[in-house]
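Everything on this sheet refers to the single structure shown next.
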Amino acid sequence: MRPFTYTRANDATSAIKLLTENPNARFLAGGTNLLDLMKEDVERPNTLIDISDLGLAEVKSIANGVNKGGVSMGGLGKNTDAANHPLIRQHYPLLTQAILAGASGQLRNMATNGGNLLQRTRCPYFYEVSMPCNKRAPGTGCGAREGINRMHAIFGWSDQCVAVYPSDMAVALAALDAVVHVRNAAGQERQIPIADFHRLPGNQPEKDTNLVHGELITAIELPPNRLADKSYYLKVRDRASYAFALVSVAAALETEGAMIKQARIAMGGVAHKPWRALKAEQLLVGKEATEANFNQAAEAVMADAKPLAHNAFKVELGKRSIVLALQTAMNGGKL
Amino acid sequence: MKDTNKAVGSPINRIDGIAKVTGKAPYSMDHTVTNPAYALLVKSTIAAGTIQDIDSAAAEKAPGVLAIITHKNAPKLNVKGGLRGGALLQSPEIEFFGQNIGIVVAETFEQARYASRLINVTYEKKEPKVDFDLVADQARMPKDKDKADAKRGDVQAALRQATHKVEEVYETPIEHHHPMEPHAAIAEWNGDKVTLYSSAQIVNGAQSAAAATLNLKPEQVRIVSPYIGGGFGSKGGQWANLALAAVAARQVNRPVKLALTRQQMVNSVGLRQHNRQKVSLAATADGKLTALAHEITTHCAINDEFVEPCGDCSKIMYDSPNSLITYRVVPMNLIVPTYTRGPGKSTGSFALESAMDELAYTLKMDPIEFRIKNEPARDPSNGKPWSSRTTVQCLREGAKAFGWEKRKPEPRQNAQGNYWIGYGVSAGTYPAHQRPTSALVKLNRTGNEVKATIELAAADLGTGTYTILTQTAADALGLAVQNVHVKIGDSDLPPAAGAVGSVGAASYANAVNDACEKITQELLTKSGKQFFVRPTAAQLMLSEKLTDYQTRVDSKPPEQAEEYSAHSFNANFAEVAVNKSTGMVRVNRFLAVTGAGKILNPKTARSQIIGGNVWGIGMALTEESVVDPRWGNFVTRSLGDYHVPANLDIGHLDAIFINEHDEHVNTLGIKGIGEVGIVGVAAAIANAVFNATGKRVRELPITPDKVL
Ligand SMILES: Cc1cc2nc3c(=O)[nH]c(=O)nc-3n(C[C@H](O)[C@H](O)[C@H](O)COP(=O)(O)OP(=O)(O)OC[C@H]3O[C@@H](n4cnc5c(N)ncnc54)[C@H](O)[C@@H]3O)c2cc1C
Ligand code: SF4
């Protein structure tokens, strides 16, 4: 590990100021991703600003504003606490399922909601510093593009980077239209819709998100919805737990009689960001919740897929997963 | 049957259990030495070529750095000293990605790691051979005589004539052992002698290989290895890191701790090779095998050959008049393969037992009946009688216990909700051997209490050696288990076989039993008395009022053992649930029935078997080390990428032991259970997946994409 200084921040303002002043500083939240990357020499901060003491961990109902009636989770709250909070369990079971599908109990106890949003790709070439990787070392090339890319993207990739973003939590947040609240050194609050939070790689794969250096994630807001009765997070992986998704689907439906009033479909394990399938959602609105219609929606999502050498299976697997997730959602989230 | 007064056969708890769970059992890096420095290996980042230069100027100036050792300044070591995998810093040649090219020694581990990042290496690269598919057709005959072509009859003719046959290729990927305790050593010099605290499955083997490599005499090297945090074959032979710890300690003149990181494990301590296995079977319409061919293609290192014996099960499991077993091997720029749990038998049985299932299906026969129909009366490979063989019993008892009659012969007939349910069976075997081992028994009496200390350079992989030897000695001496103390894992003790190839229990327990027998005999003679009922050694210590007495034995397997073919046998039963949409496979239930001679301790034995089963489930469903076919690096270098099964993958496990007494195999009738527990497991699961879905997966692991 490279030598670094460690500071424990007392309040958000000074933490943000310290970070803003030093381009080589990083916030340290749970550390479950950052420390691993430092040991591997992928992340090389010279200063860590520990933000564990800042509070900002509460889960609470939103009393005012556009998301009134929704729920807000503190940026520094632990994944475990968010997943198990009664407000989340009751109103956003999709999010509970997604968080609990990720990592392991021990990791979720350490991991924070903000840190989870900012976890970096698990692309093995990104992790091994002797390998070319445009995300880690811009301009060196992409090791995975012509290499082993079974786990990589089928949507939205560029020749510069074919990595996928690994978070499960964020896939549910995408389906739920969450809004990320951030604060900068000037004390200004910014609200970033989850759809705009993460980026596609394009020519700048080193940039995972649209967050500006210095900004602190203070909260994640979930707008109220009528999707809680019919939602499901399906994660397909190489082992039954403690593995990243080959493909995952966050599905939620609101129905009126036999008719679908509203549908949400977001996918994980397929792109550089949570992959929201707005077109397919629209296809379902006003239709009946039948397998045929779910199939049609799944086909529509996958029509844009561009698989790589080793991940063509994700197209068929993705289709089936979308159908199964929608069916399970219809069934009240029970497989 | 278990005698209630005896320790042997009782499910007593592990003697070392409390020490382990309270952190008092020292593993390699836990031993206390004064003022240690820390070393980290530096690894090559190409797979083939030559180092042109290593620039370590910046690293040398980094905080805390004590020494940097590369091929430019390393002492001369004996590369043929018996440490495996080369990489001893003796030349600038690079033969595989991640080869050791240097050591950084510093005051702390973190400083060593930081400094290692500052080293700049320039290479002259060569085109590496790292894509098995590209080089497999260059495979040649192995040098090892055991791997010569073994032919009986005319397989080709039998295949041509057969009405029912299967000819398929089965692939098993590279796997890594990944024990919880990565390989590590503390080296401490005292004059011209060095003590190496390092876990070793073969204590005396580690001693002689380290000594020869370091150009020392064996008595100048002491191996201390009281506990082993798993090894699975990777700590059988020893690797460069052991000698390099000693080199580093000599260089900085203080004790050095050198541990591999998890990421370094993939190219430091061997691997299980990728096997491409063609199995051809032919049978008559009523299910009698007429041909059995097993042709194996695999890889080895550029300058070192190891080939796991994938054909071993095919040699002895079934009776066929025509048989062919061949091996071909191609050198590649990868670290040399080595023994990995159930070497050859676990991977070979996947091919053979899958093919048996395929042929049974073609014949419309129950796969159990098909196997039993081809049960050989003698060892087909050499005509020897079996010391005992329990395949049929394992299959029959297992079928009953598992509820095999509920299996549907055709796939996709058993659905539960969104899952297909399937049953699979397989049979397996592993040879039983006893190896020469010495043991020392010391008896000591204080008042009316007699205590024994047993000493031998045996190894406990976490499997229960301490426990079973305590039980064996307690019975043989007439003592309670609390009064027996077992000391193992130190090369200063009498030499012993290794805990490898399932020889540990048979070799150690027979030696300890022989030593106890000898001491009893000596005490009897010493007493000069005749007894109506033979007293125990403990009773003799009391009656003869002796305070201390000891004796040593050099134990060997009985001579007539060679006249028999001796093996453990098993049958495996798996019930899987396969998600109809996603192809994810879950093992609901797994049953292993094992005939392994005398079971010394049913509790530790059960743990061994279900541990092997878990390994087999990993082999079947999740484990795979993936090489980049351009550069030769493993892309699966952490336990986040290399998937060992998680609890949820495993379901309910059950182990049954056949109650058997094998009077030929060795004095105590012990056959060994460490390896057999993984043999056949992957095939039973693959066969169950076929029974569930109709999809035959011939390429492990069975990940969702292959089942879709
Ligand atoms: C073995 C393993 C398996 C895993 N499996 C999964 C899985 O299956 N699914 C899944 O979704 N995740 C998985 N994870 C990832 C895990 O969820 C993340 O590591 C975790 O969520 C990161 O949170 P943290 O608080 O520890 O972040 P840190 O490691 O502390 O921080 C990560 C990054 O975020 C920045 N940061 C943290 N908090 C803030 C904030 N409030 N404002 C601004 N910047 C901030 C840090 O500076 C750093 O750059 C796994 C991790 C491991 C190690
Ligand atoms: S896919 Fe992205 S992260 Fe992976 S090697 Fe290519 S550039 Fe790096």
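Quick note on naming: the chains in the structure tokens go A, B, ... in the order shown, residues restart at 1 in each chain, and ligands are numbered from 1 in order of appearance.
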
I want to know what sits within 10 Å of Asn10 in chain A, based on only C-alpha atoms, with residues of the same chain fewer than 6 positions away left out; could you give that as an NGL selection string? :A and (50-55)

Please extract the residues at most 10 Å from ligand 2, counting only C-alpha atoms and all ligand atoms, and provide them as a PyMOL selection string, using the chain letters and residue numbers of this document. chain A and resi 120-128+131-149+151-153+157-165+201+204-206+272

Per-residue nearest contacts of chain B to chain A (9 Å; only C-alpha atoms) as JSON lines:
{"residue": "B:Thr45", "atom": "CA", "partner": "A:Ser130", "partner_atom": "CA", "distance": 6.3}
{"residue": "B:Glu110", "atom": "CA", "partner": "A:Met1", "partner_atom": "CA", "distance": 5.7}
{"residue": "B:Gln111", "atom": "CA", "partner": "A:Met1", "partner_atom": "CA", "distance": 7.4}
{"residue": "B:Ala112", "atom": "CA", "partner": "A:Met1", "partner_atom": "CA", "distance": 8.8}
{"residue": "B:Arg113", "atom": "CA", "partner": "A:Met1", "partner_atom": "CA", "distance": 6.1}
{"residue": "B:Tyr114", "atom": "CA", "partner": "A:Met1", "partner_atom": "CA", "distance": 5.0}
{"residue": "B:Ala115", "atom": "CA", "partner": "A:Arg2", "partner_atom": "CA", "distance": 8.6}
{"residue": "B:Arg117", "atom": "CA", "partner": "A:Asp41", "partner_atom": "CA", "distance": 8.0}
{"residue": "B:Gly417", "atom": "CA", "partner": "A:Leu335", "partner_atom": "CA", "distance": 8.4}
{"residue": "B:Asn418", "atom": "CA", "partner": "A:Leu335", "partner_atom": "CA", "distance": 7.8}
{"residue": "B:Ser581", "atom": "CA", "partner": "A:Arg320", "partner_atom": "CA", "distance": 5.6}
{"residue": "B:Thr582", "atom": "CA", "partner": "A:Leu317", "partner_atom": "CA", "distance": 6.2}
{"residue": "B:Gly583", "atom": "CA", "partner": "A:Leu317", "partner_atom": "CA", "distance": 8.5}
{"residue": "B:Met584", "atom": "CA", "partner": "A:Val236", "partner_atom": "CA", "distance": 7.2}
{"residue": "B:Val585", "atom": "CA", "partner": "A:Ala240", "partner_atom": "CA", "distance": 8.5}
{"residue": "B:Arg586", "atom": "CA", "partner": "A:Ala240", "partner_atom": "CA", "distance": 7.6}
{"residue": "B:Leu621", "atom": "CA", "partner": "A:Arg239", "partner_atom": "CA", "distance": 7.6}
{"residue": "B:Thr622", "atom": "CA", "partner": "A:Arg239", "partner_atom": "CA", "distance": 6.3}
{"residue": "B:Val626", "atom": "CA", "partner": "A:Ile148", "partner_atom": "CA", "distance": 8.2}
{"residue": "B:Val627", "atom": "CA", "partner": "A:Ile148", "partner_atom": "CA", "distance": 8.3}
{"residue": "B:Asp628", "atom": "CA", "partner": "A:Ile148", "partner_atom": "CA", "distance": 6.3}
{"residue": "B:Pro629", "atom": "CA", "partner": "A:Gly147", "partner_atom": "CA", "distance": 7.5}
{"residue": "B:Arg630", "atom": "CA", "partner": "A:Gly147", "partner_atom": "CA", "distance": 7.5}
{"residue": "B:Val635", "atom": "CA", "partner": "A:Pro124", "partner_atom": "CA", "distance": 5.5}
{"residue": "B:Thr636", "atom": "CA", "partner": "A:Pro124", "partner_atom": "CA", "distance": 7.2}
{"residue": "B:Arg637", "atom": "CA", "partner": "A:Pro124", "partner_atom": "CA", "distance": 8.2}
{"residue": "B:Gly640", "atom": "CA", "partner": "A:Ala243", "partner_atom": "CA", "distance": 6.9}
{"residue": "B:Asp641", "atom": "CA", "partner": "A:Ala243", "partner_atom": "CA", "distance": 7.9}
{"residue": "B:His643", "atom": "CA", "partner": "A:Arg239", "partner_atom": "CA", "distance": 7.1}
{"residue": "B:Val644", "atom": "CA", "partner": "A:Arg239", "partner_atom": "CA", "distance": 8.3}
{"residue": "B:Pro645", "atom": "CA", "partner": "A:Arg239", "partner_atom": "CA", "distance": 6.5}
{"residue": "B:Ala646", "atom": "CA", "partner": "A:Ser241", "partner_atom": "CA", "distance": 6.3}
{"residue": "B:Asn647", "atom": "CA", "partner": "A:Ser241", "partner_atom": "CA", "distance": 8.0}
{"residue": "B:Leu648", "atom": "CA", "partner": "A:Ala240", "partner_atom": "CA", "distance": 5.6}
{"residue": "B:Asp649", "atom": "CA", "partner": "A:Ala240", "partner_atom": "CA", "distance": 5.3}
{"residue": "B:Ile702", "atom": "CA", "partner": "A:Asp238", "partner_atom": "CA", "distance": 8.8}
{"residue": "B:Thr703", "atom": "CA", "partner": "A:Asp238", "partner_atom": "CA", "distance": 5.7}
{"residue": "B:Pro704", "atom": "CA", "partner": "A:Asp238", "partner_atom": "CA", "distance": 6.7}
{"residue": "B:Asp705", "atom": "CA", "partner": "A:Phe313", "partner_atom": "CA", "distance": 5.9}
{"residue": "B:Lys706", "atom": "CA", "partner": "A:Phe313", "partner_atom": "CA", "distance": 8.6}
{"residue": "B:Leu708", "atom": "CA", "partner": "A:Leu317", "partner_atom": "CA", "distance": 7.3}

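Proximity of B:Glu181, B:Ser638, B:Glu522, B:Ile15 to ligand 1, computed with only C-alpha atoms and all ligand atoms, is greatest for B:Ser638.
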
Given 6 Å and only C-alpha atoms and all ligand atoms, residues near ligand 1 as a PyMOL selection string: (chain A and resi 26-34+75-76+102-103+110-112+114-116+118-119+166-169+216-218+242-244) or (chain B and resi 640)

If you count only C-alpha atoms, which residues fall within 9 Å of Pro367 in chain B, apart from same-chain ones fewer than 6 positions away, as number ranges by chain? B: 356-361, 424-426

Do you know which residues are at most 9 Å from His85 in chain A counting only C-alpha atoms, after dropping those on the same chain fewer than 4 positions away, and could you put them as a list in words?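 Counting only the stated atoms, we get Val59, Thr80, Asp81, Arg89, Gln90 and Thr96 of chain A.
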
Based on the selection just made, write N, CA, C and O atoms of those residues as a tab-separated table (two decimals), in the first residue's frame.
chain	number	residue	atom	x	y	z
A	59	VAL	N	-32.88	6.62	8.13
A	59	VAL	CA	-33.93	6.30	7.16
A	59	VAL	C	-35.20	6.96	7.69
A	59	VAL	O	-35.58	6.74	8.84
A	80	THR	N	-27.03	-2.83	5.49
A	80	THR	CA	-27.85	-3.73	6.29
A	80	THR	C	-29.02	-2.99	6.91
A	80	THR	O	-30.16	-3.46	6.91
A	81	ASP	N	-28.73	-1.80	7.46
A	81	ASP	CA	-29.78	-1.04	8.13
A	81	ASP	C	-30.83	-0.55	7.14
A	81	ASP	O	-32.03	-0.54	7.44
A	89	ARG	N	-38.68	-1.96	4.05
A	89	ARG	CA	-39.29	-3.29	3.88
A	89	ARG	C	-40.75	-3.17	3.44
A	89	ARG	O	-41.22	-3.92	2.60
A	90	GLN	N	-41.44	-2.19	4.02
A	90	GLN	CA	-42.86	-2.07	3.72
A	90	GLN	C	-43.12	-1.41	2.35
A	90	GLN	O	-43.92	-1.90	1.57
A	96	THR	N	-35.02	-3.78	-0.60
A	96	THR	CA	-34.54	-4.72	0.42
A	96	THR	C	-33.96	-5.96	-0.25
A	96	THR	O	-32.85	-6.40	0.06

Among range 49-179 of chain A, which ones does DSSP place in alpha helix (DSSP H), written as a ChimeraX atom specification? /A:79-84,86-91,93-100,105-110,113-117,124-127,169-175

Looking at only C-alpha atoms, which of A:Ala185, A:Ala101, A:Val249, A:Ala303 is the one that sits closest to Ser14 in chain A? A:Ala185

For range 60-73 of chain B, find every residue with an atom within 8 Å (counting only C-alpha atoms), except residues of its own chain fewer than 3 positions away, and show them as a PDB file with all heavy atoms, in the first residue's frame.
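To be explicit, this is the file written out as out03.pdb:
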ATOM      1  N   SER B  56      15.711  -1.470  -9.353  1.00  0.00           N
ATOM      2  CA  SER B  56      15.134  -1.427  -8.014  1.00  0.00           C
ATOM      3  C   SER B  56      15.649  -0.241  -7.212  1.00  0.00           C
ATOM      4  O   SER B  56      15.505  -0.200  -5.985  1.00  0.00           O
ATOM      5  CB  SER B  56      15.404  -2.744  -7.281  1.00  0.00           C
ATOM      6  OG  SER B  56      16.779  -3.022  -7.291  1.00  0.00           O
ATOM      7  N   ALA B  57      16.236   0.732  -7.898  1.00  0.00           N
ATOM      8  CA  ALA B  57      16.837   1.864  -7.190  1.00  0.00           C
ATOM      9  C   ALA B  57      15.809   2.589  -6.319  1.00  0.00           C
ATOM     10  O   ALA B  57      16.056   2.844  -5.132  1.00  0.00           O
ATOM     11  CB  ALA B  57      17.460   2.833  -8.196  1.00  0.00           C
ATOM     12  N   LEU B  89      14.756 -17.672  -8.568  1.00  0.00           N
ATOM     13  CA  LEU B  89      15.581 -16.492  -8.833  1.00  0.00           C
ATOM     14  C   LEU B  89      16.984 -16.872  -9.295  1.00  0.00           C
ATOM     15  O   LEU B  89      17.957 -16.212  -8.952  1.00  0.00           O
ATOM     16  CB  LEU B  89      15.685 -15.591  -7.578  1.00  0.00           C
ATOM     17  CG  LEU B  89      14.415 -15.275  -6.816  1.00  0.00           C
ATOM     18  CD1 LEU B  89      14.715 -14.311  -5.661  1.00  0.00           C
ATOM     19  CD2 LEU B  89      13.357 -14.684  -7.734  1.00  0.00           C
ATOM     20  N   GLN B  90      17.086 -17.942 -10.075  1.00  0.00           N
ATOM     21  CA  GLN B  90      18.407 -18.379 -10.518  1.00  0.00           C
ATOM     22  C   GLN B  90      18.727 -17.943 -11.944  1.00  0.00           C
ATOM     23  O   GLN B  90      19.865 -18.098 -12.388  1.00  0.00           O
ATOM     24  CB  GLN B  90      18.529 -19.907 -10.396  1.00  0.00           C
ATOM     25  CG  GLN B  90      18.363 -20.408  -8.969  1.00  0.00           C
ATOM     26  CD  GLN B  90      19.413 -19.854  -8.024  1.00  0.00           C
ATOM     27  OE1 GLN B  90      20.606 -20.118  -8.175  1.00  0.00           O
ATOM     28  NE2 GLN B  90      18.975 -19.065  -7.048  1.00  0.00           N
ATOM     29  N   SER B  91      17.738 -17.425 -12.659  1.00  0.00           N
ATOM     30  CA  SER B  91      18.026 -17.001 -14.031  1.00  0.00           C
ATOM     31  C   SER B  91      17.007 -15.954 -14.445  1.00  0.00           C
ATOM     32  O   SER B  91      15.961 -15.804 -13.816  1.00  0.00           O
ATOM     33  CB  SER B  91      17.966 -18.204 -14.979  1.00  0.00           C
ATOM     34  OG  SER B  91      16.695 -18.281 -15.586  1.00  0.00           O
ATOM     35  N   PRO B  92      17.321 -15.234 -15.523  1.00  0.00           N
ATOM     36  CA  PRO B  92      16.364 -14.209 -15.994  1.00  0.00           C
ATOM     37  C   PRO B  92      15.253 -14.775 -16.876  1.00  0.00           C
ATOM     38  O   PRO B  92      14.422 -14.029 -17.364  1.00  0.00           O
ATOM     39  CB  PRO B  92      17.268 -13.262 -16.799  1.00  0.00           C
ATOM     40  CG  PRO B  92      18.383 -14.120 -17.292  1.00  0.00           C
ATOM     41  CD  PRO B  92      18.588 -15.213 -16.281  1.00  0.00           C
ATOM     42  N   ILE B 101      10.211 -13.242  -9.393  1.00  0.00           N
ATOM     43  CA  ILE B 101      11.415 -12.633  -9.965  1.00  0.00           C
ATOM     44  C   ILE B 101      12.177 -11.826  -8.926  1.00  0.00           C
ATOM     45  O   ILE B 101      13.235 -11.293  -9.209  1.00  0.00           O
ATOM     46  CB  ILE B 101      11.091 -11.738 -11.183  1.00  0.00           C
ATOM     47  CG1 ILE B 101      10.074 -10.655 -10.796  1.00  0.00           C
ATOM     48  CG2 ILE B 101      10.559 -12.574 -12.345  1.00  0.00           C
ATOM     49  CD1 ILE B 101       9.923  -9.582 -11.872  1.00  0.00           C
ATOM     50  N   GLY B 102      11.657 -11.750  -7.716  1.00  0.00           N
ATOM     51  CA  GLY B 102      12.390 -11.012  -6.705  1.00  0.00           C
ATOM     52  C   GLY B 102      11.732 -11.123  -5.335  1.00  0.00           C
ATOM     53  O   GLY B 102      10.621 -11.664  -5.209  1.00  0.00           O
ATOM     54  N   ILE B 103      12.470 -10.670  -4.337  1.00  0.00           N
ATOM     55  CA  ILE B 103      11.939 -10.613  -2.976  1.00  0.00           C
ATOM     56  C   ILE B 103      12.237  -9.217  -2.446  1.00  0.00           C
ATOM     57  O   ILE B 103      13.358  -8.727  -2.596  1.00  0.00           O
ATOM     58  CB  ILE B 103      12.649 -11.602  -2.020  1.00  0.00           C
ATOM     59  CG1 ILE B 103      12.859 -12.964  -2.670  1.00  0.00           C
ATOM     60  CG2 ILE B 103      11.904 -11.727  -0.699  1.00  0.00           C
ATOM     61  CD1 ILE B 103      13.783 -13.877  -1.859  1.00  0.00           C
ATOM     62  N   VAL B 104      11.249  -8.594  -1.845  1.00  0.00           N
ATOM     63  CA  VAL B 104      11.496  -7.338  -1.128  1.00  0.00           C
ATOM     64  C   VAL B 104      11.387  -7.637   0.356  1.00  0.00           C
ATOM     65  O   VAL B 104      10.397  -8.243   0.796  1.00  0.00           O
ATOM     66  CB  VAL B 104      10.458  -6.264  -1.506  1.00  0.00           C
ATOM     67  CG1 VAL B 104      10.726  -4.979  -0.733  1.00  0.00           C
ATOM     68  CG2 VAL B 104      10.468  -6.015  -2.991  1.00  0.00           C
ATOM     69  N   VAL B 105      12.402  -7.255   1.115  1.00  0.00           N
ATOM     70  CA  VAL B 105      12.368  -7.464   2.562  1.00  0.00           C
ATOM     71  C   VAL B 105      12.333  -6.092   3.226  1.00  0.00           C
ATOM     72  O   VAL B 105      13.137  -5.211   2.886  1.00  0.00           O
ATOM     73  CB  VAL B 105      13.597  -8.249   3.060  1.00  0.00           C
ATOM     74  CG1 VAL B 105      13.345  -8.768   4.472  1.00  0.00           C
ATOM     75  CG2 VAL B 105      13.953  -9.386   2.122  1.00  0.00           C
ATOM     76  N   ALA B 106      11.390  -5.923   4.139  1.00  0.00           N
ATOM     77  CA  ALA B 106      11.252  -4.612   4.788  1.00  0.00           C
ATOM     78  C   ALA B 106      10.840  -4.805   6.241  1.00  0.00           C
ATOM     79  O   ALA B 106      10.576  -5.926   6.687  1.00  0.00           O
ATOM     80  CB  ALA B 106      10.224  -3.762   4.046  1.00  0.00           C
ATOM     81  N   GLU B 107      10.772  -3.684   6.943  1.00  0.00           N
ATOM     82  CA  GLU B 107      10.405  -3.742   8.366  1.00  0.00           C
ATOM     83  C   GLU B 107       8.955  -4.194   8.551  1.00  0.00           C
ATOM     84  O   GLU B 107       8.624  -4.829   9.533  1.00  0.00           O
ATOM     85  CB  GLU B 107      10.594  -2.367   9.022  1.00  0.00           C
ATOM     86  CG  GLU B 107      12.040  -1.893   9.114  1.00  0.00           C
ATOM     87  CD  GLU B 107      12.865  -2.686  10.121  1.00  0.00           C
ATOM     88  OE1 GLU B 107      12.285  -3.426  10.948  1.00  0.00           O
ATOM     89  OE2 GLU B 107      14.111  -2.584  10.059  1.00  0.00           O
ATOM     90  N   THR B 108       8.101  -3.795   7.619  1.00  0.00           N
ATOM     91  CA  THR B 108       6.703  -4.218   7.723  1.00  0.00           C
ATOM     92  C   THR B 108       6.246  -4.778   6.377  1.00  0.00           C
ATOM     93  O   THR B 108       6.854  -4.507   5.334  1.00  0.00           O
ATOM     94  CB  THR B 108       5.756  -3.046   8.080  1.00  0.00           C
ATOM     95  OG1 THR B 108       5.682  -2.167   6.954  1.00  0.00           O
ATOM     96  CG2 THR B 108       6.217  -2.277   9.306  1.00  0.00           C
ATOM     97  N   GLN B 111       5.269  -1.935   4.001  1.00  0.00           N
ATOM     98  CA  GLN B 111       6.418  -1.277   3.364  1.00  0.00           C
ATOM     99  C   GLN B 111       6.978  -2.145   2.239  1.00  0.00           C
ATOM    100  O   GLN B 111       7.363  -1.640   1.178  1.00  0.00           O
ATOM    101  CB  GLN B 111       7.507  -1.003   4.412  1.00  0.00           C
ATOM    102  CG  GLN B 111       7.110   0.120   5.366  1.00  0.00           C
ATOM    103  CD  GLN B 111       8.098   0.266   6.523  1.00  0.00           C
ATOM    104  OE1 GLN B 111       8.740  -0.700   6.936  1.00  0.00           O
ATOM    105  NE2 GLN B 111       8.184   1.470   7.063  1.00  0.00           N
ATOM    106  N   ALA B 112       7.004  -3.443   2.489  1.00  0.00           N
ATOM    107  CA  ALA B 112       7.497  -4.347   1.445  1.00  0.00           C
ATOM    108  C   ALA B 112       6.599  -4.258   0.219  1.00  0.00           C
ATOM    109  O   ALA B 112       7.053  -4.198  -0.923  1.00  0.00           O
ATOM    110  CB  ALA B 112       7.562  -5.773   1.966  1.00  0.00           C
ATOM    111  N   TYR B 114       4.638  -1.757  -0.703  1.00  0.00           N
ATOM    112  CA  TYR B 114       4.797  -0.460  -1.374  1.00  0.00           C
ATOM    113  C   TYR B 114       6.072  -0.471  -2.223  1.00  0.00           C
ATOM    114  O   TYR B 114       6.053  -0.102  -3.406  1.00  0.00           O
ATOM    115  CB  TYR B 114       4.842   0.661  -0.333  1.00  0.00           C
ATOM    116  CG  TYR B 114       5.190   2.003  -0.916  1.00  0.00           C
ATOM    117  CD1 TYR B 114       4.467   2.529  -1.984  1.00  0.00           C
ATOM    118  CD2 TYR B 114       6.253   2.751  -0.404  1.00  0.00           C
ATOM    119  CE1 TYR B 114       4.790   3.760  -2.539  1.00  0.00           C
ATOM    120  CE2 TYR B 114       6.588   3.983  -0.946  1.00  0.00           C
ATOM    121  CZ  TYR B 114       5.846   4.479  -2.012  1.00  0.00           C
ATOM    122  OH  TYR B 114       6.175   5.690  -2.564  1.00  0.00           O
ATOM    123  N   ALA B 115       7.157  -0.923  -1.632  1.00  0.00           N
ATOM    124  CA  ALA B 115       8.427  -0.923  -2.362  1.00  0.00           C
ATOM    125  C   ALA B 115       8.337  -1.810  -3.605  1.00  0.00           C
ATOM    126  O   ALA B 115       8.892  -1.483  -4.656  1.00  0.00           O
ATOM    127  CB  ALA B 115       9.556  -1.394  -1.448  1.00  0.00           C
ATOM    128  N   ALA B 248      16.023 -14.899   2.240  1.00  0.00           N
ATOM    129  CA  ALA B 248      15.788 -13.528   2.711  1.00  0.00           C
ATOM    130  C   ALA B 248      16.299 -13.354   4.142  1.00  0.00           C
ATOM    131  O   ALA B 248      16.921 -12.337   4.481  1.00  0.00           O
ATOM    132  CB  ALA B 248      14.303 -13.200   2.632  1.00  0.00           C
ATOM    133  N   GLN B 251      19.982 -13.070   4.235  1.00  0.00           N
ATOM    134  CA  GLN B 251      20.415 -11.795   3.673  1.00  0.00           C
ATOM    135  C   GLN B 251      20.312 -10.661   4.699  1.00  0.00           C
ATOM    136  O   GLN B 251      21.211  -9.838   4.799  1.00  0.00           O
ATOM    137  CB  GLN B 251      19.548 -11.476   2.448  1.00  0.00           C
ATOM    138  CG  GLN B 251      19.851 -10.189   1.757  1.00  0.00           C
ATOM    139  CD  GLN B 251      20.924 -10.382   0.691  1.00  0.00           C
ATOM    140  OE1 GLN B 251      21.314 -11.506   0.409  1.00  0.00           O
ATOM    141  NE2 GLN B 251      21.409  -9.280   0.141  1.00  0.00           N
ATOM    142  N   VAL B 252      19.228 -10.603   5.440  1.00  0.00           N
ATOM    143  CA  VAL B 252      19.051  -9.468   6.364  1.00  0.00           C
ATOM    144  C   VAL B 252      19.458  -9.834   7.790  1.00  0.00           C
ATOM    145  O   VAL B 252      19.336  -9.014   8.702  1.00  0.00           O
ATOM    146  CB  VAL B 252      17.601  -8.933   6.367  1.00  0.00           C
ATOM    147  CG1 VAL B 252      17.211  -8.430   4.982  1.00  0.00           C
ATOM    148  CG2 VAL B 252      16.602  -9.995   6.836  1.00  0.00           C
TER     149      VAL B 252
END

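Every protein, DNA or RNA residue with an atom at most 9 Å from range 371-383 of chain B, where only C-alpha atoms count and chain neighbours fewer than 2 positions away do not, is listed here: Ala150, Arg152, Gly287, Lys288, Leu289, Lys315, Ile316, Met317, Tyr318, Asp319, Ser320, Pro321, Met356, Ala360, Asp366, Pro367, Ile368, Glu369, Pro385, Trp386, Thr391, Val392, Leu395, Ser426, Ala427, Tyr564 and Ser565 of chain B.
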
Fewer than 6 positions away in the same chain doesn't count, so skip those; otherwise give me all residues within 7 Å of range 224-234 of chain B, counting only C-alpha atoms, as a ChimeraX atom specification. /B:25-28,177,179-181,196-200,269-270,339-341,460-462,488-491,500
